[in-house]
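J.: This is the structure, below, for whatever I ask next.
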Amino acid sequence: MTTTRSIPELDIDPFSMEFFDDPYHTHDRLRETGPVVRLPKWNVYAVARHREVRAILHDHVSFCSSRGAGLSDFAKEAPWRPPSLILEADPPEHTRIRAVFDRILSPALVRDLREHFTSIAELKAEEVVSKGNVDAISDIAEAFPLAVFPDAVGLKKEGREHLLPYAGVVFNAFGPPNELRQQSLERSMPHQAYVQEQCQRKNLMLGGLGASIYSRVELGEISDLEAPLLVRSLLSAGLDTTVNALGAALYCLARFPDQWSRLRGDPTLARKAFQEAIRFESPVQTFFRTTTRKVEIDGFDVPAGEKVLMFLGAANRDPRKWDRPNEYDICRQTSGHVGFGSGVHMCSGQFLAQLEGEVMLSALARKVKSIEISGAVRRRYNNTLRGLDSLPITLNAMD
Amino acid sequence: MEAATQNAIPGILAECGGNAMCATCHVYVDDEWLDRLPSILEQEEALLTEVVAERRQTSRLSCQIEITSDLDGLLLHIPNKQI
């Protein structure tokens, strides 16, 4: 008879303000306590080491998404909105939908957007450099994605101010029923109404990503009823994520001037600088899975029907995987980071995100001699997204 | 692919970390080895149409080649670009 080792517990709340202010000490504790840990605060199992997080992401049979990618278990309570056909689905249903996204957001299609995104990035860089003192969040991290992504989707001009608040609700809703989540949902109706309307075919411009989703209806790949939900996924996942990733990159480069010098010396490092910022800050910090059966994780048994919380940010700084994990190093080989996830649900929009990050950082690298933080840095609090609300900087132009 | 990234071999980017999504781990398999590899499945085929360097008969995504003892000595050539 084998004795099941009991899973160690940690009395922490990874969705509290104190944690958001400084998660790293707790990430260390999570990784060091064991390969799997129980968090009684929210009655979930937690995995924070890179190898285990990656293994879970690649085992969609034992660790499913159809019961929700947040804490809420869709087998036990109604989801806050109709489930995502891609994020909150498992193979085989997921596979067909996923193929549509992969074609729409493929590297080749994203390459078609490069020239246009580059020219917008150039203009934005010139604008902020001539101002000198700007807020890296509102003036670059938000402004640049807002200048390219909604147009790429084919959204009309009016109402775009709902996009970021809507995404904020989505990502707060993955978290536990805390105040952040409750308040977010309470204020969400106008944003939900806007998004639902924009997902209709008539409101999406021809040639945009939204319209290309509808073209798959004609091809028989998805139904008329499915198309609006796929557009909703684009609007949920395609903006706030890139805003926080670009913000993370600027925050890293502002804090580590030696890395800015490297980037300035070789602007082709922009793509790597962006990827490394995603590893280092992990704008999407966590996701949940639900066990479909009793599963063994390194000799510890997790029962069926349990929520498992994966700490992507902790995995991205696991010293078992990364050399000098707490250093921002733009020349690092970042392949294998889980900031975009991994496995069948790995971020479908990652090439679009990378294009945005690369062209914006590259444009700045060719115009900016140095960046300094010039005022109080304020954090933005969200149950899932890690990022700043305000980052005042001074951009010193090249001579 | 893992062997390349872990040994800092330049010319293999593997941006998506081995998920057959990015086509930046593209290699040309040496003629002698081509038929000894497991065949190309649908997802790899779709991505091979996206490689930036010339696609050849010998093109494979290195993240889809699982190394076994049969493949000891496998020879792969690196294309001139990945992005």
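How things are named: the first chain in the structure tokens is A, the next is B, and so on; residues count from 1 in each chain; ligands count from 1 in the order shown.
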With 12 Å as the cut-off and only C-alpha atoms counted, what is the closest atom pair between each nearby residue of chain B and chain A? Distances in Å to one decimal, ordered by chain and number, as a tab-separated table.
T.:
residue	atom	partner	partner_atom	distance
B:Met1	CA	A:Ser335	CA	10.0
B:Glu2	CA	A:Ser335	CA	9.1
B:Ala3	CA	A:Ser335	CA	11.8
B:Ala4	CA	A:Ser335	CA	10.6
B:Thr5	CA	A:Gln333	CA	7.2
B:Gln6	CA	A:Gln333	CA	8.5
B:Asn7	CA	A:Gln333	CA	10.0
B:Ala8	CA	A:Gln333	CA	7.4
B:Ile9	CA	A:Gln333	CA	10.1
B:Pro10	CA	A:Gln333	CA	10.0
B:Gly11	CA	A:Gln333	CA	11.7
B:Ile12	CA	A:Ser335	CA	10.0
B:Leu13	CA	A:Ser335	CA	7.5
B:Ala14	CA	A:Ser335	CA	6.0
B:Glu15	CA	A:Ser335	CA	5.6
B:Cys16	CA	A:Ser335	CA	6.6
B:Gly17	CA	A:Gly336	CA	4.4
B:Gly18	CA	A:Gly336	CA	7.5
B:Asn19	CA	A:Gly343	CA	6.2
B:Ala20	CA	A:Gly343	CA	9.4
B:Met21	CA	A:Ser106	CA	8.2
B:Cys22	CA	A:Pro107	CA	6.7
B:Ala23	CA	A:Pro107	CA	8.2
B:Thr24	CA	A:Pro107	CA	10.1
B:Cys25	CA	A:Ser335	CA	10.6
B:Glu42	CA	A:Ala99	CA	11.2
B:Gln43	CA	A:Ala99	CA	9.5
B:Ala46	CA	A:Arg103	CA	9.4
B:Leu47	CA	A:Ser106	CA	8.9
B:Leu48	CA	A:Ala108	CA	11.3
B:Thr49	CA	A:Ala108	CA	9.2
B:Glu50	CA	A:Ala108	CA	6.2
B:Val51	CA	A:Ala108	CA	8.9
B:Val52	CA	A:Ala108	CA	9.1
B:Cys63	CA	A:Ser335	CA	11.4
B:Gln82	CA	A:Pro107	CA	11.6
B:Ile83	CA	A:Pro107	CA	9.6
J.: With only C-alpha atoms as the counted atoms, please give the residues lying no more than 10 Å from B:Glu54, apart from itself and same-chain residues fewer than 6 positions off, as a compact mmCIF listing (two decimals) with N, CA and C atoms, in the first residue's frame.
T.:
# COMPACT_ATOMS: atom_id res chain seq x y z
N TYR B 28 17.08 22.36 -42.61
CA TYR B 28 17.15 21.50 -43.79
C TYR B 28 17.81 20.20 -43.34
N PRO B 79 18.99 27.23 -42.13
CA PRO B 79 18.73 28.17 -43.23
C PRO B 79 19.36 29.54 -42.95
N ASN B 80 19.38 30.39 -43.97
CA ASN B 80 20.04 31.69 -43.82
C ASN B 80 19.23 32.68 -42.98
N LYS B 81 17.92 32.44 -42.83
CA LYS B 81 17.15 33.31 -41.95
C LYS B 81 15.92 32.59 -41.41
J.: Given only C-alpha atoms as the basis, pick out the residue of A:Pro145, A:Gly220, A:Pro91, A:Gly154 nearest to A:Ala353.
T.: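 Ranked by minimum distance to A:Ala353, first place goes to A:Pro145.
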J.: Using only C-alpha atoms, which protein or nucleic acid residues come within 12 Å of stretch 323-325 of chain A? Drop anything in the same chain fewer than 6 positions from it, and give the result as a PDB file with C-alpha atoms, in the first residue's frame.
T.:
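Once written, result.pdb looks like this:
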ATOM      1  CA  TYR A  24       8.271  37.691  -6.145  1.00  0.00           C
ATOM      2  CA  ASP A  28       9.772  31.933  -4.377  1.00  0.00           C
ATOM      3  CA  HIS A  50       8.424  25.888 -14.879  1.00  0.00           C
ATOM      4  CA  GLU A 276      12.313  39.134 -22.503  1.00  0.00           C
ATOM      5  CA  ALA A 277       9.985  41.742 -20.972  1.00  0.00           C
ATOM      6  CA  ARG A 279       9.216  36.637 -19.487  1.00  0.00           C
ATOM      7  CA  PHE A 280      10.424  39.112 -16.866  1.00  0.00           C
ATOM      8  CA  GLU A 281       7.101  40.793 -16.025  1.00  0.00           C
ATOM      9  CA  GLY A 313       5.019  34.592 -13.852  1.00  0.00           C
ATOM     10  CA  ALA A 314       6.657  32.346 -11.248  1.00  0.00           C
ATOM     11  CA  ALA A 315       7.510  29.719 -13.856  1.00  0.00           C
ATOM     12  CA  ASN A 316       9.133  32.442 -15.938  1.00  0.00           C
ATOM     13  CA  ARG A 317      11.591  33.146 -13.098  1.00  0.00           C
ATOM     14  CA  ARG A 332      18.772  36.041 -23.382  1.00  0.00           C
ATOM     15  CA  GLN A 333      17.425  32.974 -25.171  1.00  0.00           C
ATOM     16  CA  THR A 334      13.783  33.225 -24.022  1.00  0.00           C
ATOM     17  CA  HIS A 337       8.938  30.955 -21.472  1.00  0.00           C
TER      18      HIS A 337
ATOM     19  CA  GLN B   6      19.925  24.842 -24.913  1.00  0.00           C
TER      20      GLN B   6
END
J.: Could you give me the residues within stretch 3-69 of chain B that DSSP places in strand (DSSP E or B), as JSON, numbers by chain?
T.: {"B": [26, 27, 28, 29, 59, 60, 61]}
J.: Output N, CA and C atoms for every residue in that selection, as a PDB file, in the first residue's frame.
T.:
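Wrote it out as selection_22.pdb, contents follow:
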ATOM      1  N   HIS B  26      13.134  26.381 -38.307  1.00  0.00           N
ATOM      2  CA  HIS B  26      13.258  25.717 -39.610  1.00  0.00           C
ATOM      3  C   HIS B  26      14.666  25.167 -39.822  1.00  0.00           C
ATOM      4  N   VAL B  27      14.750  23.917 -40.284  1.00  0.00           N
ATOM      5  CA  VAL B  27      16.040  23.311 -40.631  1.00  0.00           C
ATOM      6  C   VAL B  27      15.924  22.572 -41.966  1.00  0.00           C
ATOM      7  N   TYR B  28      17.076  22.357 -42.606  1.00  0.00           N
ATOM      8  CA  TYR B  28      17.151  21.495 -43.793  1.00  0.00           C
ATOM      9  C   TYR B  28      17.809  20.197 -43.342  1.00  0.00           C
ATOM     10  N   VAL B  29      17.065  19.112 -43.482  1.00  0.00           N
ATOM     11  CA  VAL B  29      17.589  17.810 -43.059  1.00  0.00           C
ATOM     12  C   VAL B  29      18.570  17.302 -44.104  1.00  0.00           C
ATOM     13  N   SER B  59      13.078  20.533 -45.987  1.00  0.00           N
ATOM     14  CA  SER B  59      12.683  21.408 -44.870  1.00  0.00           C
ATOM     15  C   SER B  59      11.870  20.669 -43.817  1.00  0.00           C
ATOM     16  N   ARG B  60      12.208  20.928 -42.547  1.00  0.00           N
ATOM     17  CA  ARG B  60      11.409  20.440 -41.416  1.00  0.00           C
ATOM     18  C   ARG B  60      11.429  21.521 -40.341  1.00  0.00           C
ATOM     19  N   LEU B  61      10.450  21.454 -39.427  1.00  0.00           N
ATOM     20  CA  LEU B  61      10.511  22.274 -38.217  1.00  0.00           C
ATOM     21  C   LEU B  61      11.214  21.437 -37.162  1.00  0.00           C
TER      22      LEU B  61
END
